[in-house]
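Asker: Have a look at the structure that comes next, please.
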Amino acid sequence: LERLSRLVAQWSPARLIFLGDTLHSSLVEKEPTLAQLALWRKASGIAEVFAVPGNHDPQSRAAFLRADIAELAPGSRLGPFLLHHHPVH
């Protein structure tokens, strides 16, 4: 989160989208880590934070909600972009 915080401070994005493996480790899905992520999310000042689940996010939906991150379905469109964790061939 420290590295991400520096990037957010540098670029001041209005929206942040994680493209998979956001909650890569089973340790991340533990409540203390999710609470820390939720606090970071609120303090970041980013209006919208989304995640497209990856192959290491098996139980991500509830965890994303607890971290105040909205889940986007793979293949969601954002302007000209098609959001996926894995490349689409």
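Following the order of the structure tokens, first chain is A, next is B, and so on, with residues numbered from 1 inside each chain and ligands from 1 in the order they appear.
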Which of chain A counts as helix (DSSP H, G or I) under DSSP, as a ChimeraX atom specification please?
Answerer: /A:2-11,31-44,60-66
Asker: Which residue is closest to Phe18 of chain A? Choose from A:Leu4, A:Ala38, A:Gly45, A:Pro32 and count only C-alpha atoms.
Answerer: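 Ranking A:Leu4, A:Ala38, A:Gly45, A:Pro32 by distance to Phe18 of chain A, first place goes to A:Leu4.
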Asker: Give me, as a CSV table (one decimal) with N, CA, C and O atoms, in the first residue's frame, all polymer residues having an atom no more than 9 Å from Ser44 of chain A, counting only C-alpha atoms and skipping those fewer than 5 positions away in the same chain.
Answerer:
chain,number,residue,atom,x,y,z
A,5,SER,N,0.3,4.2,-2.6
A,5,SER,CA,0.0,5.5,-2.0
A,5,SER,C,0.9,6.6,-2.7
A,5,SER,O,0.4,7.7,-3.0
A,8,VAL,N,-0.6,7.2,-6.1
A,8,VAL,CA,-1.8,8.0,-6.0
A,8,VAL,C,-1.5,9.4,-5.7
A,8,VAL,O,-2.1,10.3,-6.3
A,9,ALA,N,-0.6,9.7,-4.8
A,9,ALA,CA,-0.2,11.0,-4.5
A,9,ALA,C,0.4,11.7,-5.7
A,9,ALA,O,0.2,12.9,-5.9
A,39,LEU,N,-9.4,1.1,5.1
A,39,LEU,CA,-9.0,2.4,5.6
A,39,LEU,C,-8.1,3.2,4.6
A,39,LEU,O,-8.3,4.4,4.4
Asker: So, counting only C-alpha atoms, which residue among A:Leu83, A:Leu16, A:Ala67, A:Ser76 is closest to Trp40 of chain A?
Answerer: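 Nearest candidate to Trp40 of chain A out of A:Leu83, A:Leu16, A:Ala67, A:Ser76: A:Ala67.
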